[in-house]
>>> print(open('start_26.cif').read())   # mmCIF, C-alpha atoms
data_entry
loop_
_atom_site.label_atom_id
_atom_site.label_comp_id
_atom_site.auth_asym_id
_atom_site.auth_seq_id
_atom_site.Cartn_x
_atom_site.Cartn_y
_atom_site.Cartn_z
CA MET A 1 23.44 3.20 -6.91
CA THR A 2 21.43 3.19 -10.15
CA ASN A 3 19.82 6.26 -11.68
CA LEU A 4 16.48 4.79 -10.67
CA GLU A 5 17.49 4.56 -7.02
CA GLU A 6 18.73 8.15 -7.13
CA HIS A 7 15.33 9.52 -8.09
CA ARG A 8 13.16 7.12 -6.12
CA LEU A 9 11.82 7.90 -2.65
CA PRO A 10 14.56 7.59 -0.01
CA ARG A 11 13.72 4.17 1.35
CA ARG A 12 14.93 4.94 4.86
CA ARG A 13 11.90 7.18 5.37
CA PHE A 14 9.62 4.21 5.59
CA LEU A 15 11.83 1.34 6.65
CA SER A 16 10.95 2.11 10.24
CA GLY A 17 7.56 0.67 9.29
CA ILE A 18 8.95 -2.79 8.65
CA ALA A 19 7.69 -5.39 11.09
CA GLY A 20 9.35 -7.15 13.95
CA GLY A 21 12.17 -4.80 14.88
CA ALA A 22 14.49 -6.47 12.37
CA ALA A 23 17.62 -4.60 11.40
CA ALA A 24 16.47 -2.01 8.88
CA LEU A 25 18.09 -2.10 5.47
CA SER A 26 17.26 -0.10 2.40
CA LEU A 27 15.81 -1.91 -0.60
CA SER A 28 19.19 -1.55 -2.26
CA GLY A 29 20.74 -3.47 0.64
CA LEU A 30 22.57 -0.48 2.10
CA PRO A 31 22.38 0.29 5.83
CA LEU A 32 20.40 3.31 6.91
CA ALA A 33 22.21 6.61 7.30
CA GLU A 34 23.30 7.63 10.75
CA ALA A 35 21.15 10.75 10.50
CA ASP A 36 17.97 8.70 10.35
CA THR A 37 17.81 7.78 14.00
CA GLU A 38 14.70 7.44 16.08
CA ALA A 39 15.64 10.63 17.88
CA SER A 40 15.80 12.73 14.71
CA ALA A 41 12.55 11.19 13.46
CA ALA A 42 10.85 12.14 16.71
CA GLU A 43 11.78 15.79 16.17
CA GLU A 44 9.81 16.00 12.92
CA PRO A 45 6.00 15.82 12.67
CA TRP A 46 4.61 12.82 10.85
CA ARG A 47 4.28 13.60 7.15
CA MET A 48 1.49 12.09 5.11
CA ARG A 49 2.42 11.06 1.58
CA LEU A 50 -0.20 10.10 -1.01
CA SER A 51 -0.24 7.40 -3.66
CA CYS A 52 -2.86 6.49 -6.24
CA SER A 53 -3.93 3.13 -7.65
CA SER A 54 -3.75 2.96 -11.43
CA ILE A 55 -7.11 1.15 -11.51
CA ALA A 56 -8.69 4.54 -10.78
CA PHE A 57 -7.94 5.25 -14.45
CA SER A 58 -8.20 1.72 -15.83
CA SER A 59 -9.90 2.89 -19.03
CA LEU A 60 -6.71 4.75 -19.95
CA SER A 61 -3.35 3.42 -21.10
CA ILE A 62 -0.69 3.11 -18.44
CA GLU A 63 1.03 6.16 -19.93
CA ASP A 64 -2.10 8.30 -19.67
CA ALA A 65 -2.94 6.93 -16.22
CA CYS A 66 0.50 7.89 -14.95
CA LYS A 67 0.13 11.40 -16.37
CA ARG A 68 -3.26 11.84 -14.70
CA ILE A 69 -1.93 10.60 -11.38
CA ALA A 70 1.14 12.84 -11.56
CA ASP A 71 -0.92 15.88 -12.59
CA LEU A 72 -3.08 15.38 -9.50
CA GLY A 73 0.02 15.76 -7.34
CA PHE A 74 0.44 12.19 -6.13
CA GLU A 75 3.96 11.16 -5.17
CA ALA A 76 3.67 7.46 -5.95
CA ILE A 77 1.68 4.86 -7.87
CA ASP A 78 0.12 1.49 -7.14
CA VAL A 79 0.01 -0.41 -10.46
CA TRP A 80 -2.85 -2.90 -10.81
CA SER A 81 -3.00 -6.24 -12.52
CA ALA A 82 -6.15 -7.37 -14.36
CA HIS A 83 -8.79 -6.99 -11.63
CA ALA A 84 -11.94 -5.70 -13.37
CA GLY A 85 -10.00 -5.68 -16.61
CA CYS A 86 -7.32 -3.18 -15.56
CA PRO A 87 -4.60 -3.51 -18.25
CA HIS A 88 -1.73 -1.67 -16.64
CA LEU A 89 0.48 -4.23 -14.94
CA ASP A 90 0.25 -6.80 -17.73
CA ASP A 91 1.05 -4.07 -20.24
CA ALA A 92 4.07 -3.09 -18.18
CA LEU A 93 5.13 -6.73 -18.05
CA THR A 94 4.74 -7.58 -21.72
CA ARG A 95 5.43 -4.25 -23.47
CA LEU A 96 7.39 -1.89 -21.25
CA GLY A 97 9.56 -4.19 -19.18
CA PRO A 98 11.41 -2.85 -16.13
CA ASN A 99 13.40 -0.23 -18.01
CA GLY A 100 10.36 1.09 -19.84
CA LEU A 101 8.36 1.22 -16.63
CA CYS A 102 11.17 3.08 -14.87
CA ASP A 103 11.42 5.56 -17.74
CA LEU A 104 7.67 6.17 -17.66
CA LEU A 105 7.65 6.77 -13.91
CA GLU A 106 10.71 9.00 -14.07
CA LYS A 107 9.11 11.06 -16.84
CA ASN A 108 6.12 11.65 -14.58
CA LYS A 109 8.17 12.04 -11.38
CA LEU A 110 6.30 9.16 -9.72
CA GLU A 111 7.71 6.67 -7.28
CA LEU A 112 6.87 3.01 -7.77
CA TYR A 113 5.14 2.03 -4.54
CA THR A 114 3.18 -1.14 -5.17
CA PHE A 115 1.96 -3.75 -7.60
CA SER A 116 -1.56 -4.94 -6.73
CA VAL A 117 -1.56 -8.56 -7.86
CA TYR A 118 -5.01 -9.85 -6.93
CA ARG A 119 -5.22 -11.27 -10.45
CA GLY A 120 -2.17 -13.14 -11.65
CA GLY A 121 -0.39 -13.44 -8.30
CA TYR A 122 2.91 -12.07 -7.11
CA PRO A 123 5.26 -14.66 -8.70
CA LYS A 124 4.14 -13.59 -12.18
CA TYR A 125 5.29 -10.02 -11.55
CA ALA A 126 8.11 -10.50 -9.03
CA LYS A 127 10.97 -10.10 -11.51
CA LEU A 128 9.38 -6.97 -13.02
CA LEU A 129 8.95 -5.40 -9.58
CA GLY A 130 12.55 -6.17 -8.68
CA GLY A 131 13.84 -4.94 -12.04
CA ALA A 132 11.99 -1.67 -11.57
CA GLY A 133 13.74 -1.08 -8.24
CA GLY A 134 11.59 -3.07 -5.82
CA GLY A 135 8.44 -2.21 -3.93
CA VAL A 136 5.44 -3.83 -2.27
CA ALA A 137 3.20 -6.50 -3.80
CA VAL A 138 -0.36 -6.44 -2.43
CA ARG A 139 -2.44 -9.64 -2.42
CA GLY A 140 -5.26 -11.26 -0.49
CA SER A 141 -5.18 -13.96 2.16
CA THR A 142 -7.32 -17.08 2.09
CA ARG A 143 -10.80 -18.21 3.10
CA LYS A 144 -12.44 -17.19 6.34
CA CYS A 145 -12.46 -19.78 9.13
CA LYS A 146 -14.15 -20.29 12.47
CA PRO A 147 -13.04 -17.81 15.16
CA GLU A 148 -11.44 -20.56 17.23
CA GLU A 149 -9.33 -21.59 14.23
CA VAL A 150 -7.94 -18.16 13.38
CA ALA A 151 -4.57 -18.47 15.16
CA ALA A 152 -3.76 -21.89 13.70
CA LYS A 153 -5.00 -21.04 10.20
CA THR A 154 -3.03 -17.80 10.21
CA LYS A 155 0.18 -19.66 11.04
CA GLU A 156 -0.56 -22.11 8.22
CA PHE A 157 -1.20 -19.26 5.81
CA ILE A 158 2.02 -17.46 6.68
CA GLU A 159 3.92 -20.73 6.29
CA SER A 160 2.40 -21.13 2.82
CA LEU A 161 3.85 -17.76 1.81
CA LYS A 162 7.46 -18.91 2.15
CA PRO A 163 8.03 -19.34 -1.61
CA GLU A 164 6.69 -15.86 -2.31
CA LEU A 165 8.72 -14.38 0.53
CA GLU A 166 11.82 -15.97 -0.94
CA LEU A 167 11.00 -14.18 -4.20
CA ALA A 168 10.52 -10.95 -2.27
CA GLU A 169 13.97 -11.40 -0.76
CA LYS A 170 15.47 -12.16 -4.17
CA TYR A 171 13.83 -9.17 -5.82
CA ASP A 172 14.26 -6.70 -2.96
CA SER A 173 10.53 -6.33 -2.38
CA TYR A 174 7.79 -6.81 0.21
CA LEU A 175 4.50 -8.69 0.41
CA ALA A 176 1.44 -7.02 1.99
CA ILE A 177 -1.72 -9.02 2.71
CA GLU A 178 -5.03 -7.18 2.34
CA ASN A 179 -7.95 -7.77 4.67
CA HIS A 180 -11.21 -8.57 2.93
CA GLY A 181 -14.77 -9.61 3.77
CA GLY A 182 -15.08 -13.38 3.86
CA ALA A 183 -11.30 -13.80 4.11
CA LEU A 184 -9.01 -15.13 6.85
CA LEU A 185 -7.55 -11.66 7.45
CA ASN A 186 -10.31 -9.18 8.22
CA THR A 187 -11.33 -9.09 11.90
CA LEU A 188 -9.34 -7.43 14.67
CA ASP A 189 -8.68 -10.88 16.13
CA SER A 190 -7.24 -12.02 12.82
CA PHE A 191 -5.01 -8.93 12.68
CA LYS A 192 -3.69 -9.81 16.14
CA ALA A 193 -3.08 -13.41 15.09
CA PHE A 194 -1.23 -12.25 11.96
CA VAL A 195 1.01 -9.80 13.81
CA ASP A 196 1.80 -12.39 16.49
CA ALA A 197 2.65 -15.10 13.96
CA ASN A 198 4.63 -12.98 11.50
CA ASP A 199 8.35 -12.58 12.14
CA ASN A 200 9.38 -11.88 8.54
CA PRO A 201 10.33 -8.22 7.93
CA ARG A 202 9.29 -8.54 4.28
CA LEU A 203 5.71 -9.53 5.14
CA GLY A 204 3.06 -7.09 6.30
CA ILE A 205 -0.53 -5.89 6.09
CA ALA A 206 -2.46 -3.85 3.53
CA LEU A 207 -5.33 -2.36 5.50
CA ALA A 208 -8.68 -1.71 3.81
CA PRO A 209 -10.98 0.26 6.16
CA TYR A 210 -13.96 -0.49 3.89
CA HIS A 211 -13.98 -4.10 5.05
CA ILE A 212 -13.26 -3.22 8.68
CA GLN A 213 -16.25 -0.89 8.69
CA ALA A 214 -18.37 -3.56 6.99
CA GLY A 215 -17.62 -5.83 9.95
CA GLY A 216 -18.58 -3.13 12.46
CA GLU A 217 -15.08 -2.84 13.94
CA SER A 218 -12.70 0.06 14.57
CA VAL A 219 -10.35 1.18 11.81
CA GLU A 220 -8.20 3.05 14.32
CA GLU A 221 -7.82 -0.10 16.42
CA ALA A 222 -6.89 -2.09 13.32
CA ILE A 223 -4.17 0.45 12.56
CA ALA A 224 -2.85 0.21 16.12
CA ILE A 225 -2.79 -3.60 16.00
CA ALA A 226 -1.01 -3.69 12.64
CA GLY A 227 1.56 -1.19 13.92
CA LYS A 228 4.94 -1.53 12.27
CA GLN A 229 3.62 -4.33 10.08
CA LEU A 230 1.32 -1.95 8.21
CA GLN A 231 2.72 -1.54 4.69
CA PHE A 232 -0.26 -0.19 2.73
CA PHE A 233 -3.28 1.90 3.74
CA TYR A 234 -6.35 2.30 1.57
CA ALA A 235 -8.13 5.56 2.41
CA TRP A 236 -11.41 3.87 1.53
CA GLN A 237 -14.73 3.93 3.39
CA LYS A 238 -17.76 1.68 3.19
CA ALA A 239 -20.27 3.72 1.20
CA PRO A 240 -21.92 3.57 -2.21
CA GLY A 241 -20.32 4.88 -5.39
CA ALA A 242 -18.02 7.86 -5.17
CA LYS A 243 -18.79 8.19 -1.45
CA GLN A 244 -16.18 5.47 -0.91
CA LEU A 245 -13.59 8.24 -1.24
CA PRO A 246 -12.47 10.32 1.77
CA GLY A 247 -14.03 13.75 1.71
CA VAL A 248 -16.80 12.60 -0.60
CA GLY A 249 -18.41 10.07 1.74
CA PRO A 250 -19.49 10.66 5.37
CA THR A 251 -16.60 9.17 7.38
CA ASP A 252 -14.53 11.55 9.48
CA CYS A 253 -11.02 10.47 8.51
CA VAL A 254 -9.16 12.62 11.05
CA PRO A 255 -9.09 9.69 13.54
CA TRP A 256 -7.64 7.47 10.82
CA ILE A 257 -4.85 9.93 10.07
CA SER A 258 -4.23 10.47 13.78
CA ALA A 259 -3.91 6.70 14.25
CA LEU A 260 -1.47 6.45 11.34
CA ALA A 261 0.62 9.26 12.80
CA LYS A 262 0.61 7.62 16.23
CA ALA A 263 1.70 4.32 14.66
CA GLU A 264 4.45 6.20 12.78
CA TYR A 265 3.13 4.70 9.57
CA ALA A 266 6.01 4.94 7.15
CA TRP A 267 4.45 4.29 3.75
CA TYR A 268 1.76 5.98 1.63
CA VAL A 269 -1.93 6.81 2.15
CA ASN A 270 -3.89 5.69 -0.91
CA PRO A 271 -7.37 7.22 -1.53
CA PHE A 272 -9.42 4.50 -3.18
CA MET A 273 -12.77 3.39 -4.57
CA HIS A 274 -14.12 0.60 -6.76
CA HIS A 275 -16.36 1.00 -9.83
CA GLU A 276 -14.52 4.05 -11.04
CA PRO A 277 -16.27 6.82 -12.99
CA LYS A 278 -14.89 8.17 -16.27
CA PRO A 279 -11.41 9.72 -16.09
CA ASP A 280 -12.40 13.40 -15.91
CA GLU A 281 -14.88 12.76 -13.10
CA MET A 282 -12.37 10.49 -11.36
CA SER A 283 -9.79 13.27 -11.50
CA ARG A 284 -12.25 15.74 -10.00
CA LEU A 285 -13.14 13.37 -7.18
CA MET A 286 -9.52 12.47 -6.47
CA LYS A 287 -8.56 16.13 -6.29
CA LYS A 288 -11.33 16.73 -3.75
CA SER A 289 -10.30 13.65 -1.77
CA CYS A 290 -6.64 14.63 -1.65
CA LYS A 291 -7.54 18.12 -0.43
CA TYR A 292 -9.71 16.60 2.28
CA LEU A 293 -6.95 14.22 3.40
CA GLU A 294 -4.49 17.11 3.58
CA ASP A 295 -6.97 18.96 5.79
CA CYS A 296 -7.31 15.86 7.98
CA HIS A 297 -3.54 15.72 8.27
CA LYS A 298 -3.39 19.33 9.41
CA GLN A 299 -6.01 18.65 12.06
CA ALA A 300 -4.36 15.43 13.20
CA VAL A 301 -0.73 16.54 13.23
CA GLY A 302 -0.73 20.32 12.97
#
>>> encode(input="start_26.cif", output="structure tokens")
Amino acid sequence: MTNLEEHRLPRRRFLSGIAGGAAALSLSGLPLAEADTEASAAEEPWRMRLSCSSIAFSSLSIEDACKRIADLGFEAIDVWSAHAGCPHLDDALTRLGPNGLCDLLEKNKLELYTFSVYRGGYPKYAKLLGGAGGGVAVRGSTRKCKPEEVAAKTKEFIESLKPELELAEKYDSYLAIENHGGALLNTLDSFKAFVDANDNPRLGIALAPYHIQAGGESVEEAIAIAGKQLQFFYAWQKAPGAKQLPGVGPTDCVPWISALAKAEYAWYVNPFMHHEPKPDEMSRLMKKSCKYLEDCHKQAVG
């Protein structure tokens, strides 16, 4: 086991969230410990763990963004590629490399959770993700289709992911597909089609409530449908400006957290918004949002 694996989050905590009931293995390829049985997990209340997307501080260097995120008390980081000009993932790729990225995260006591690769695509960053210990790559799906075509188009889409899933296998990582307005994956019916068609334990869903709410559907039902295939959860509501964040906007997020607990969601909850304010204001808002989510957790789980 490498030094990186020793300080990273124990992978067995969230491997129960992998889809399809496949035999659970840690990202390092080791079998899960005997102590981590379903029975022992059932004895403990569901624990919410928080991550933060580096794009929240995209005006800062990756070093300063990591420090901000760590100082706010987050356990893990989602590093963004160049969406809206975010420099962090490309800087990690070209300047830091896997060892430099690992050193930076270790210095700040942050786990590497995800790379968001909406710009650039997963293959560009697959080797870096694997070299840094593995994690989840988040990307979009494809264009929206007619409702009667959803099942067939979803199967085609999943088939098209085979090369990327082979990379995920090679680099001990996972691929999570985000739902989005105007995309194939966004309605509850499309979630059902995805879950039914997906039998690859390295493929899952990144759920964005913002887009579910925009379509007038239930976030809690989307969580239930995604089930064990849910690998990323944006705590992100449809509202203007800073009100996109939990605890700042109007949505009662207790039902969301309750649904995640019921689904035994095994990864991180990621408070999120687009069009980020300046870093000091972003820090203030994130602190408020994290406190609110912790309160929601107490109400949902006790």
>>> residues_around(input="start_26.cif", residues="A:Thr154", least_positions_apart="4", cutoff="12 Å", atoms="only C-alpha atoms", output="number ranges by chain")
A: 141-150, 158-161, 177, 183-186, 189-198
>>> closest_atom_pairs(input="start_26.cif", of="stretch 125-148 of chain A", to="stretch 97-114 of chain A", cutoff="10 Å", atoms="all atoms listed in the file", output="tab-separated table")
residue	atom	partner	partner_atom	distance
A:Lys127	CA	A:Pro98	CA	8.6
A:Leu128	CA	A:Pro98	CA	5.5
A:Leu129	CA	A:Pro98	CA	7.4
A:Gly130	CA	A:Pro98	CA	8.2
A:Gly131	CA	A:Pro98	CA	5.2
A:Ala132	CA	A:Pro98	CA	4.7
A:Gly133	CA	A:Leu112	CA	8.0
A:Gly134	CA	A:Leu112	CA	7.9
A:Gly135	CA	A:Tyr113	CA	5.4
A:Val136	CA	A:Thr114	CA	4.6
A:Ala137	CA	A:Thr114	CA	5.5
A:Val138	CA	A:Thr114	CA	6.9
>>> resolve_selection(input="start_26.cif", expression="the PyMOL selection byres ((chain A and resi 66-70) around 10)", output="ChimeraX atom specification")
/A:51-54,56-57,60-65,71-77,79,88,104-105,107-111,279-280,282-283,286
>>> write_last_selection(input="start_26.cif", atoms="C-alpha atoms", output="PDB file, in the coordinates of the input")
ATOM      1  CA  SER A  51      -0.240   7.400  -3.660  1.00  0.00           C
ATOM      2  CA  CYS A  52      -2.860   6.490  -6.240  1.00  0.00           C
ATOM      3  CA  SER A  53      -3.930   3.130  -7.650  1.00  0.00           C
ATOM      4  CA  SER A  54      -3.750   2.960 -11.430  1.00  0.00           C
ATOM      5  CA  ALA A  56      -8.690   4.540 -10.780  1.00  0.00           C
ATOM      6  CA  PHE A  57      -7.940   5.250 -14.450  1.00  0.00           C
ATOM      7  CA  LEU A  60      -6.710   4.750 -19.950  1.00  0.00           C
ATOM      8  CA  SER A  61      -3.350   3.420 -21.100  1.00  0.00           C
ATOM      9  CA  ILE A  62      -0.690   3.110 -18.440  1.00  0.00           C
ATOM     10  CA  GLU A  63       1.030   6.160 -19.930  1.00  0.00           C
ATOM     11  CA  ASP A  64      -2.100   8.300 -19.670  1.00  0.00           C
ATOM     12  CA  ALA A  65      -2.940   6.930 -16.220  1.00  0.00           C
ATOM     13  CA  ASP A  71      -0.920  15.880 -12.590  1.00  0.00           C
ATOM     14  CA  LEU A  72      -3.080  15.380  -9.500  1.00  0.00           C
ATOM     15  CA  GLY A  73       0.020  15.760  -7.340  1.00  0.00           C
ATOM     16  CA  PHE A  74       0.440  12.190  -6.130  1.00  0.00           C
ATOM     17  CA  GLU A  75       3.960  11.160  -5.170  1.00  0.00           C
ATOM     18  CA  ALA A  76       3.670   7.460  -5.950  1.00  0.00           C
ATOM     19  CA  ILE A  77       1.680   4.860  -7.870  1.00  0.00           C
ATOM     20  CA  VAL A  79       0.010  -0.410 -10.460  1.00  0.00           C
ATOM     21  CA  HIS A  88      -1.730  -1.670 -16.640  1.00  0.00           C
ATOM     22  CA  LEU A 104       7.670   6.170 -17.660  1.00  0.00           C
ATOM     23  CA  LEU A 105       7.650   6.770 -13.910  1.00  0.00           C
ATOM     24  CA  LYS A 107       9.110  11.060 -16.840  1.00  0.00           C
ATOM     25  CA  ASN A 108       6.120  11.650 -14.580  1.00  0.00           C
ATOM     26  CA  LYS A 109       8.170  12.040 -11.380  1.00  0.00           C
ATOM     27  CA  LEU A 110       6.300   9.160  -9.720  1.00  0.00           C
ATOM     28  CA  GLU A 111       7.710   6.670  -7.280  1.00  0.00           C
ATOM     29  CA  PRO A 279     -11.410   9.720 -16.090  1.00  0.00           C
ATOM     30  CA  ASP A 280     -12.400  13.400 -15.910  1.00  0.00           C
ATOM     31  CA  MET A 282     -12.370  10.490 -11.360  1.00  0.00           C
ATOM     32  CA  SER A 283      -9.790  13.270 -11.500  1.00  0.00           C
ATOM     33  CA  MET A 286      -9.520  12.470  -6.470  1.00  0.00           C
TER      34      MET A 286
END
>>> atom_distance(input="start_26.cif", atom1="atom CA of A:Pro209", atom2="atom CA of A:Glu156")
24.8 Å
>>> resolve_selection(input="start_26.cif", expression="the PyMOL selection byres ((chain A and resi 267) around 7)", output="list in words")
Phe14, Gln231, Phe232, Tyr265, Ala266 and Tyr268 of chain A
>>> atom_distance(input="start_26.cif", atom1="atom CA of A:Arg49", atom2="atom CA of A:Ser258")
13.9 Å
>>> axis_aligned_box(input="start_26.cif", around="stretch 60-76 of chain A", padding_each_side="6 Å", output="JSON")
{"center_x": -1.4, "center_y": 9.5, "center_z": -13.1, "size_x": 22.7, "size_y": 24.8, "size_z": 27.9}
>>> atom_distance(input="start_26.cif", atom1="atom CA of A:Tyr292", atom2="atom CA of A:Pro246")
6.9 Å
>>> residues_near_point(input="start_26.cif", point="(-8.3, 8.1, -0.4)", cutoff="6 Å", atoms="only C-alpha atoms", output="number ranges by chain")
A: 235-236, 245-246, 270-272
>>> write_last_selection(input="start_26.cif", atoms="C-alpha atoms", output="PDB file, in the coordinates of the input")
ATOM      1  CA  ALA A 235      -8.130   5.560   2.410  1.00  0.00           C
ATOM      2  CA  TRP A 236     -11.410   3.870   1.530  1.00  0.00           C
ATOM      3  CA  LEU A 245     -13.590   8.240  -1.240  1.00  0.00           C
ATOM      4  CA  PRO A 246     -12.470  10.320   1.770  1.00  0.00           C
ATOM      5  CA  ASN A 270      -3.890   5.690  -0.910  1.00  0.00           C
ATOM      6  CA  PRO A 271      -7.370   7.220  -1.530  1.00  0.00           C
ATOM      7  CA  PHE A 272      -9.420   4.500  -3.180  1.00  0.00           C
TER       8      PHE A 272
END
>>> closest_residue(input="start_26.cif", among="A:Arg47, A:Glu220, A:Leu175, A:Ile205", to="A:Val254", atoms="all atoms listed in the file")
A:Glu220
>>> residues_around(input="start_26.cif", residues="A:Glu166", least_positions_apart="4", cutoff="12 Å", atoms="all atoms listed in the file", output="ChimeraX atom specification")
/A:122-123,126,159-162,170-175,200-203
>>> write_last_selection(input="start_26.cif", atoms="C-alpha atoms", output="short mmCIF file (atom, residue, chain, number, x, y, z; two decimals), in the coordinates of the input")
data_model
loop_
_atom_site.label_atom_id
_atom_site.label_comp_id
_atom_site.auth_asym_id
_atom_site.auth_seq_id
_atom_site.Cartn_x
_atom_site.Cartn_y
_atom_site.Cartn_z
CA TYR A 122 2.91 -12.07 -7.11
CA PRO A 123 5.26 -14.66 -8.70
CA ALA A 126 8.11 -10.50 -9.03
CA GLU A 159 3.92 -20.73 6.29
CA SER A 160 2.40 -21.13 2.82
CA LEU A 161 3.85 -17.76 1.81
CA LYS A 162 7.46 -18.91 2.15
CA LYS A 170 15.47 -12.16 -4.17
CA TYR A 171 13.83 -9.17 -5.82
CA ASP A 172 14.26 -6.70 -2.96
CA SER A 173 10.53 -6.33 -2.38
CA TYR A 174 7.79 -6.81 0.21
CA LEU A 175 4.50 -8.69 0.41
CA ASN A 200 9.38 -11.88 8.54
CA PRO A 201 10.33 -8.22 7.93
CA ARG A 202 9.29 -8.54 4.28
CA LEU A 203 5.71 -9.53 5.14
#
>>> resolve_selection(input="start_26.cif", expression="the PyMOL selection byres ((chain A and resi 214) around 10)", output="JSON list (two decimals) with C-alpha atoms, in the frame of the given file")
[["chain", "number", "residue", "atom", "x", "y", "z"],
["A", 180, "HIS", "CA", -11.21, -8.57, 2.93],
["A", 181, "GLY", "CA", -14.77, -9.61, 3.77],
["A", 186, "ASN", "CA", -10.31, -9.18, 8.22],
["A", 209, "PRO", "CA", -10.98, 0.26, 6.16],
["A", 210, "TYR", "CA", -13.96, -0.49, 3.89],
["A", 211, "HIS", "CA", -13.98, -4.10, 5.05],
["A", 212, "ILE", "CA", -13.26, -3.22, 8.68],
["A", 213, "GLN", "CA", -16.25, -0.89, 8.69],
["A", 215, "GLY", "CA", -17.62, -5.83, 9.95],
["A", 216, "GLY", "CA", -18.58, -3.13, 12.46],
["A", 217, "GLU", "CA", -15.08, -2.84, 13.94],
["A", 237, "GLN", "CA", -14.73, 3.93, 3.39],
["A", 238, "LYS", "CA", -17.76, 1.68, 3.19],
["A", 239, "ALA", "CA", -20.27, 3.72, 1.20]]
>>> closest_residue(input="start_26.cif", among="A:Gly247, A:Gly121, A:Pro255, A:Pro45", to="A:Glu164", atoms="all atoms listed in the file")
A:Gly121
>>> closest_residue(input="start_26.cif", among="A:Lys228, A:Lys124, A:Arg119, A:Arg139", to="A:Leu93", atoms="all atoms listed in the file")
A:Lys124
>>> closest_residue(input="start_26.cif", among="A:Ala242, A:Met48, A:His274, A:Gly204", to="A:Trp256", atoms="only C-alpha atoms")
A:Met48
>>> closest_residue(input="start_26.cif", among="A:His275, A:Pro240, A:Val117, A:Lys291", to="A:Asp78", atoms="only C-alpha atoms")
A:Val117
